[in-house]
Amino acid sequence: MQVSEAWLRSYVNPAISTEELVEQLTMAGLEVDSVEPAAAKFSGVVVGEVLSMQQHPDADRLRVCQVAVGIAAPLQIVCGASNVRVGLKIPAALIGAVLPGDFKIKKSKLRGEESFGMLCSEKELGLAADADGLMELANDAPVGIDIRVYLSLDDSIIEVDLTPNRADCLSVEGLAREVAVLNQMNWSTTRVGKAEVSHQDILAVTVEAKDACPRYLGRLIKGVNAKAQTPLWMQERLRRSGLRSLGPLVDVTNYVLIELGQPLHVFDAEKLTGGITVRRAKADEDLTLLNGQTIKLDHEALVIADDKQALALAGIMGGNHSAVSDKTQAVFLECAFFAPQSIAGKARRFGLHTDSSHRFERGVDATLQTRAIERATQLIIDIAGGSAGAITEVTTESTLPQRQAIFLRRQRIEKMLGIILADEQVTHIFQRLGMAVQAQVDGWHITPPGFRFDIAIEADLLEEIARIYGYNKLPNSSLLMRSQLIPVTEAVLEIDRIKDLLVDRGYQEAITYSFVDEDIQNTIAPDNEVIRLKNPISSDLSVMRTTLWCGLLNAALYNTNRQQNRVRLFETGLRFVKKDGKIHQQKMLAGLALGSAYNEQWGEKTRNVDFFDIKADVEAMFALTGCEVQFLSARQPALHPGQTAEILTLDGEKIGWLGMLHPTLEKQLGFDTQVFLFELDQMLTLSKRIPKFKSLSKYPSVRRDLALIVKEEISAIHIINCIKGSAEPALQDVIVFDIYRGKGVEEGSKSVALSLIMQDEAQTLTDSEIDAIISRVLDILINKIHAKLRD
């Protein structure tokens, strides 16, 4: 919520700065998001009055004006605004004035006529994004006064980010109440008298949805002038609250909304048929809203209707059919209390969020409606004229919210907050918050006011004491529990982060037995010595696993036998290996994937998972650690000889295996589709490279592409390692982007296309330097792998 500090201080003005006020509000639980000046910085602008005006002799659209600015003689100012006229009071920028954007006003000639200043619009003063003409001031504006003083522009706009439970502060009066309590000052609400009833015409009001609308007030105001000008003071207060002026009738309802926190609505009375009914919408009933959106209603929607059709979405937005316009001469002013549960969520269903729904969803004071409608009536008559009829009120007392007294125990204050307060101090706090306090022997019975929907239990009362007393004044006490903080090294990645990644990539975590069937163990890992249990649970759980693949393959087979055609599993756990007669436990991370690469969908053609899919999953894990690894073609008894990779660190340390299950094992175990597996040493996988800062070069990078002819058995990673082994400082990256076999390449060889990315830290590389780097890299490739450039 945005609010003008000057408006707020008109209710309560503590002797504190803006910064201290903001700190007070934030520490009281009303967090201030921002504080902005009410107007852009400018100077040298005063209130001027156009005394006379003549057509410019050489320009049809310009006028030569004589403008009084509070000095002895009027100034001649040339103006091209369409609304300039004799008697108009406007902001006049004098010679030497500085407007927003550091625009300085100087003496000038426009088509031969001298101009000693400039007449300004709201846009030129930074008060609006656009403007159709000059900013028109009130007729009683004193000529010569600084416009910043006249409009009170040396003001701040405070934006408060209220939590949903503090709807009582969604108004200037609500914030003023809080400031008064925090500073222990008196304050008074806006004085509102009863409007004189000048005619006896009324509209009949029927409330069918009594539970959703416990109170509804309406009043017919006739003879209004919808073309009247909204006073500048009201326009400014609305602007500083984030609302633009829309005409006097709508401006008044918006003003009362911000001032008191009560939403209101005005209907064009001449567009209504019969009386007003508050009811549930009919099925498939249409309503065109003020924003032009047509919505289809259902039985859950609450509407305001006449005898013919729905007029408004209750508590959210009015309808276009009954909206006021410049031709409106009579209005029906609505002010109601809608139960929060009847409005909550309804606006979002239709893609809406309005100031009214924002307040009704959180709760509006059920005792505020009479005061709000009288205040709006008073303002409408003062600004747009007219005569007010009697208020029509329909109230269902049984459905109005009832506030029950809450008992606050005296000893709970010290126990929960750690402070001892005198009874008078406690009573004083709650009374200033508008609550009724009745002292008891061991505490107080406290009844919240109608505007505090968030006060329901004793803990809420304790929170109020803590807020007003000051959170920062509450004593600090050490926790009784003693705990030792264990340092965590940055060089090790948490295993849970790896698990989260695999889950994000479609895997599910499995937990399998550490005991496995000896036959399966020997089939999958024939080279490992089995470790038999002396007292196995059963014959098929008789040995300790030497690989996690045993349990994962069994789990996958169990799922495929039950029509699960796409399976992705991973497991973290121990494997048990015997070395030098001793049993060693090793933490491992293993995974399995089979079936389609993606869930069934329309956007991609169905294909089965392949070697490179699961390799990408493994590479994603190492990307988290920042460590580079290499995948080398190798042989493993359980894996397909042509689709197996051993995973090594750049130093050659073995991390694990990756590949497709051997076709023989695939048939032996009962799978009818290809199965891909990986298994990694947890300790090496989680080893993390600590990031180090490296400045970015400000010089451009250069890309050079090479096509190399190499023997079929030379892998791409081998070529990349050879190039990176050249230790060229300017070489930043090597990318393989194509591998070709076929016409033009002799049998037993292949063409590998690479991109070399080069960039120097100190200079822009020249062509000769780039050619020299390429030449040295080619020499290394020729010598080490007998590569040659493809023609």
# chains A, B, ... in the order shown; residues from 1 in each chain; ligands from 1
>>> select_by_dssp(residues="segment 450-647 of chain A", states="helix (DSSP H, G or I)", output="PyMOL selection string")
chain A and resi 458-469+471-473+495-504+518-524+539-541+549-560+611-625
>>> residues_around(residues="Ile147 of chain A", least_positions_apart="2", cutoff="8 Å", atoms="only C-alpha atoms", output="list of chain:residue names")
A:Val45, A:Val46, A:Val47, A:Pro91, A:Ile145, A:Val149, A:Tyr150, A:Leu151, A:Leu153
>>> closest_residue(among="A:Glu397, A:Asp168, A:Asp617, A:Asp540", to="Leu433 of chain A", atoms="only C-alpha atoms")
A:Asp168
>>> residues_around(residues="segment 465-476 of chain A", least_positions_apart="3", cutoff="8 Å", atoms="only C-alpha atoms", output="number ranges by chain")
A: 27-29, 181-182, 417-419, 426, 429, 461-462
>>> closest_residue(among="A:Ala93, A:Leu624, A:Leu249, A:Ile295", to="Gly351 of chain A", atoms="only C-alpha atoms")
A:Ile295
>>> select_by_dssp(residues="segment 389-594 of chain A", states="strand (DSSP E)", output="PyMOL selection string")
chain A and resi 389-395+406-409+436-439+443-447+508-509+515-516+531-532+543-544+567-579+582-594
>>> closest_atom_pairs(of="segment 470-584 of chain A", to="segment 668-673 of chain A", cutoff="12 Å", atoms="only C-alpha atoms", output="tab-separated table")
residue	atom	partner	partner_atom	distance
A:Asp519	CA	A:Leu669	CA	11.0
A:Ile520	CA	A:Leu669	CA	8.6
A:Gln521	CA	A:Leu669	CA	11.9
A:Thr523	CA	A:Gln668	CA	9.4
A:Ile524	CA	A:Leu669	CA	10.3
A:Cys550	CA	A:Leu669	CA	10.7
A:Leu553	CA	A:Leu669	CA	8.4
A:Asn554	CA	A:Leu669	CA	8.6
A:Ala555	CA	A:Leu669	CA	11.7
A:Ala556	CA	A:Phe671	CA	9.1
A:Leu557	CA	A:Phe671	CA	6.8
A:Tyr558	CA	A:Phe671	CA	10.2
A:Asn559	CA	A:Phe671	CA	10.8
A:Thr560	CA	A:Phe671	CA	8.0
A:Asn561	CA	A:Phe671	CA	9.0
A:Asn565	CA	A:Thr673	CA	9.2
A:Arg566	CA	A:Thr673	CA	10.2
A:Val567	CA	A:Thr673	CA	11.1
>>> residues_around(residues="Lys107 of chain A", least_positions_apart="6", cutoff="12 Å", atoms="only C-alpha atoms", output="VMD selection string")
chain A and resid 75 to 78 93 to 97 113 to 118
>>> closest_residue(among="A:Ala616, A:Leu232, A:Val207, A:Leu574", to="Val303 of chain A", atoms="only C-alpha atoms")
A:Val207
>>> residues_around(residues="Gly642 of chain A", least_positions_apart="3", cutoff="10 Å", atoms="only C-alpha atoms", output="tab-separated table (two decimals) with C-alpha atoms, in the first residue's frame")
chain	number	residue	atom	x	y	z
A	633	SER	CA	36.32	-47.05	-24.08
A	634	ALA	CA	36.98	-50.17	-22.01
A	635	ARG	CA	35.66	-53.64	-21.25
A	639	LEU	CA	28.47	-54.45	-20.04
A	645	ALA	CA	33.09	-46.46	-20.85
A	659	GLY	CA	27.41	-48.63	-20.31
A	660	MET	CA	24.73	-50.91	-21.68
A	662	HIS	CA	25.57	-57.10	-21.96
>>> closest_residue(among="A:Val488, A:Ala128, A:Val252, A:Leu677", to="Asp382 of chain A", atoms="only C-alpha atoms")
A:Val252
